[in-house]
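Undergrad: Structure incoming, see below.
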Amino acid sequence: MWPDGHPRFCNTIHTMATQIEELNKLIWLMLIDSYGLGDKWESVMINYKTLVRFMKYMAPPPGEYERGLFAHTDKPVSTIICDDQVSGLEIEVNDGQWIKLSLSPSSFCFVVGDPLKAWSNGRLKAVNHRVMMSGDKDRLSLAAFAIPVEGTIIKAPKELIDKQHPQLYKDFDFMDFFLFAFSDPAKHIDSGEQLQAFASLSPPISH
Ligand SMILES: O=C(O)CCC(=O)C(=O)O
Ligand SMILES: [Fe+2]
């Protein structure tokens with residue numbers, strides 16, 4: 001699974017990934033339950049695999065405030081991020097201001113991705129975020145992305161669609177959206193607008 005010679009590292013990461021996966025499932029179940037769908041969680045839950053990525057952002061030159069990762073909304077369903085105490089992750093709030101998150105040592109950050117926004121029929125917001133580096137320390141972070149299994153259709157449960165909450169997005173195959181988001185034409189669309197461009201129903205449909 002990992003290049004030879006690092007069995008301890010490999011085991012640690014595997015244990016961590018498994019536990020983050022459990023945490024992610026728990027958060028999804030809480031979300032499903034909060035919409036009153038707890039007793040039918042199996043039919044509305046998205047089947048997924050976890051992809052873990054490690055990131056290292058180098059400290060900028062002294063006194064500089066430098067971009068580590070461009071502003072975007074996540075394309076996986078959701079992401080769990082943890083870091084090694086060197087902050088840098090920023091989220092954009094409603095008035096366009098950026099807020100730096102300082103995660104305490106044992107905290108994890110749950111990020112709603114575009115497909116989860118579509119699943120919730122727009123109730124959950126996919127926050128725009130970026131990494132900005134300052135200070136003299138490198139930032140190490142780990143992101144665990146929830147990627148639906150092949151053929152997964154992202155659709156809002158019918159209970160989340162009614163006259164007051166008309167259906168905002170068409171049902172779509174996750175992989176079609178994912179490929180669209182990284183395609184040439186979509187590169188010119190703001191990351192936060194890609195879901196709208198790909199799946200918006202205009203006018204919205206009430207059932
Ligand atoms: O490294 C971080 O803190 C953020 C990573 C991130 O947003 C991403 O990979 O999508
Ligand atoms: Fe992200």
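Chain labels run A, B, ... following the order of the structure tokens; each chain numbers its residues from 1, and ligands are numbered from 1 in the order shown.
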For the structure I just gave you, how does DSSP split stretch 9-193 of chain A - specifically, which residues are alpha helix (DSSP H)? Reply as a count of residues only.
TA: 48
Undergrad: Leaving out A:Ile147 and any residue of its chain fewer than 4 positions from it, which residues lie within 6 Å of it when counting only C-alpha atoms, given as a ChimeraX atom specification?
TA: /A:48-49,76
Undergrad: Got time to write the residues from that selection, N, CA and C atoms, as a PDB file, in the first residue's frame?
TA:
ATOM      1  N   TYR A  48     -19.942   5.839  -0.672  1.00  0.00           N
ATOM      2  CA  TYR A  48     -18.720   6.545  -1.048  1.00  0.00           C
ATOM      3  C   TYR A  48     -17.453   5.823  -0.596  1.00  0.00           C
ATOM      4  N   LYS A  49     -16.339   6.281  -1.128  1.00  0.00           N
ATOM      5  CA  LYS A  49     -15.018   5.835  -0.682  1.00  0.00           C
ATOM      6  C   LYS A  49     -14.243   7.060  -0.213  1.00  0.00           C
ATOM      7  N   PRO A  76     -15.788  16.988  -4.151  1.00  0.00           N
ATOM      8  CA  PRO A  76     -16.288  15.767  -3.496  1.00  0.00           C
ATOM      9  C   PRO A  76     -17.536  16.097  -2.666  1.00  0.00           C
TER      10      PRO A  76
END
Undergrad: Could you state the separation of atom CA of A:Leu195 and atom CA of A:Ala17 in Å, given to one decimal place?
TA: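 Going from atom CA of A:Leu195 over to atom CA of A:Ala17 covers 27.7 Å.
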Undergrad: Show me which residues are within 10 Å of ligand 2 counting only C-alpha atoms and all ligand atoms, and format the list as a ChimeraX atom specification.
TA: /A:69-76,78-81,89,91,111-113,126-131,143,145
Undergrad: Please produce a file of those selected residues containing C-alpha atoms, as a short mmCIF file (atom, residue, chain, number, x, y, z; two decimals), in the first residue's frame.
TA:
data_model
loop_
_atom_site.label_atom_id
_atom_site.label_comp_id
_atom_site.auth_asym_id
_atom_site.auth_seq_id
_atom_site.Cartn_x
_atom_site.Cartn_y
_atom_site.Cartn_z
CA LEU A 69 -4.28 27.10 -2.36
CA PHE A 70 -6.66 29.08 -4.58
CA ALA A 71 -10.23 29.83 -3.48
CA HIS A 72 -12.68 27.05 -4.28
CA THR A 73 -15.67 25.04 -3.17
CA ASP A 74 -15.08 21.30 -2.82
CA LYS A 75 -16.18 18.96 -5.61
CA PRO A 76 -16.29 15.77 -3.50
CA SER A 78 -17.69 16.45 1.74
CA THR A 79 -14.18 16.79 3.14
CA ILE A 80 -12.71 16.42 6.60
CA ILE A 81 -9.57 18.46 7.21
CA LEU A 89 -7.22 27.68 6.02
CA ILE A 91 -13.34 30.63 4.64
CA VAL A 111 -16.46 21.00 4.64
CA VAL A 112 -19.70 20.69 2.64
CA GLY A 113 -18.96 20.08 -1.04
CA ALA A 126 -20.65 24.80 0.13
CA VAL A 127 -18.30 27.38 1.61
CA ASN A 128 -15.63 29.04 -0.51
CA HIS A 129 -12.24 28.41 1.10
CA ARG A 130 -8.54 28.86 0.42
CA VAL A 131 -5.15 28.53 2.09
CA ALA A 143 -7.85 16.15 3.77
CA PHE A 145 -12.49 13.47 0.63
#
Undergrad: Using only C-alpha atoms, determine which residues lie at most 9 Å from A:Glu150, disregarding the query and same-chain residues fewer than 5 positions distant; provide the list as a JSON list (two decimals) with C-alpha atoms, in the first residue's frame.
TA:
[["chain", "number", "residue", "atom", "x", "y", "z"],
["A", 48, "TYR", "CA", -18.72, 6.55, -1.05],
["A", 173, "ASP", "CA", -24.23, 11.44, -11.96],
["A", 174, "PHE", "CA", -21.48, 12.50, -9.55],
["A", 175, "MET", "CA", -18.70, 11.60, -11.99]]
Undergrad: From the list A:Gln19, A:Ser120, A:Ser102, A:Thr12, which residue is nearest A:Ile161 when using only C-alpha atoms?
TA: A:Ser120
Undergrad: Which residues come within 7 Å of A:Pro204, counting only C-alpha atoms, excluding same-chain residues fewer than 3 positions away, as a CSV table (one decimal) with C-alpha atoms, in the first residue's frame?
TA:
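Below you can see part37.csv, which holds the result:
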chain,number,residue,atom,x,y,z
A,166,PRO,CA,-38.7,23.8,-5.1
A,167,GLN,CA,-36.1,21.5,-6.6
A,168,LEU,CA,-33.0,23.7,-7.4
A,201,LEU,CA,-33.0,24.0,-12.8
Undergrad: Once DSSP has gone over the backbone, tell me which residues of stretch 35-174 of chain A are in strand (DSSP E), as number ranges by chain.
TA: A: 48-57, 66-72, 78-83, 89-92, 98-100, 109-112, 129-133, 139-148, 153-154, 167-169, 172-173
Undergrad: Would you mind telling me which residue in A:Cys82, A:Met133, A:Val149, A:Leu160 lies nearest to ligand 1 when using only C-alpha atoms and all ligand atoms?
TA: A:Cys82
Undergrad: Could you state the separation of atom CA of A:Gly151 and atom CA of A:Leu179 in Å, given to one decimal place?
TA: 13.2 Å
Undergrad: Check the smallest atom-to-atom distance from each of A:Leu116, A:Leu31, A:Met132, A:Met16 to A:Ile99 using only C-alpha atoms, then report the winner.
TA: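 With only C-alpha atoms as the atom set, the closest residue is A:Met132.
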Undergrad: Rank A:Asn121, A:Ser87, A:Asn94, A:Ser107 by their smallest atom-to-atom distance to ligand 1, using only C-alpha atoms and all ligand atoms, and report the top residue only.
TA: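 Among the listed residues, the smallest separation from ligand 1 belongs to A:Ser87.
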Undergrad: Hey, can you check how far atom CA of A:Ser141 sits from atom 3 (O, counted along the ligand's line) of ligand 1?
TA: 5.6 Å
Undergrad: With only C-alpha atoms as the counted atoms, please give the residues lying no more than 7 Å from A:Arg53, apart from itself and same-chain residues fewer than 2 positions off, as a PyMOL selection string.
TA: chain A and resi 51+55+142-144
Undergrad: May I have the selected residues written with C-alpha atoms, as a tab-separated table (two decimals), in the first residue's frame?
TA:
chain	number	residue	atom	x	y	z
A	51	LEU	CA	-9.56	9.50	-0.57
A	55	MET	CA	-0.58	18.65	1.86
A	142	LEU	CA	-4.64	16.13	5.78
A	143	ALA	CA	-7.85	16.15	3.77
A	144	ALA	CA	-10.15	13.11	3.61
Undergrad: Given only C-alpha atoms and all ligand atoms as the basis, pick out the residue of A:Arg139, A:His14, A:Lys117, A:Lys155 nearest to ligand 1.
TA: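 Using only C-alpha atoms and all ligand atoms, the shortest distance to ligand 1 belongs to A:Arg139.
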Undergrad: For ligand 1, which residue among A:Tyr57, A:Phe9, A:Trp28, A:Phe177 is the nearest when counting only C-alpha atoms and all ligand atoms?
TA: A:Tyr57
Undergrad: Set the distance at 8 Å and use only C-alpha atoms: which residues neighbour A:Asp171 once local chain neighbours fewer than 3 positions away are removed? I'd like the list as number ranges by chain.
TA: A: 153-156, 199
Undergrad: Which residues, written as a ChimeraX atom specification, have at least one atom at most 12 Å from A:Ala186, with only C-alpha atoms counted and residues fewer than 4 positions away on the same chain left out?
TA: /A:177-182,190-198
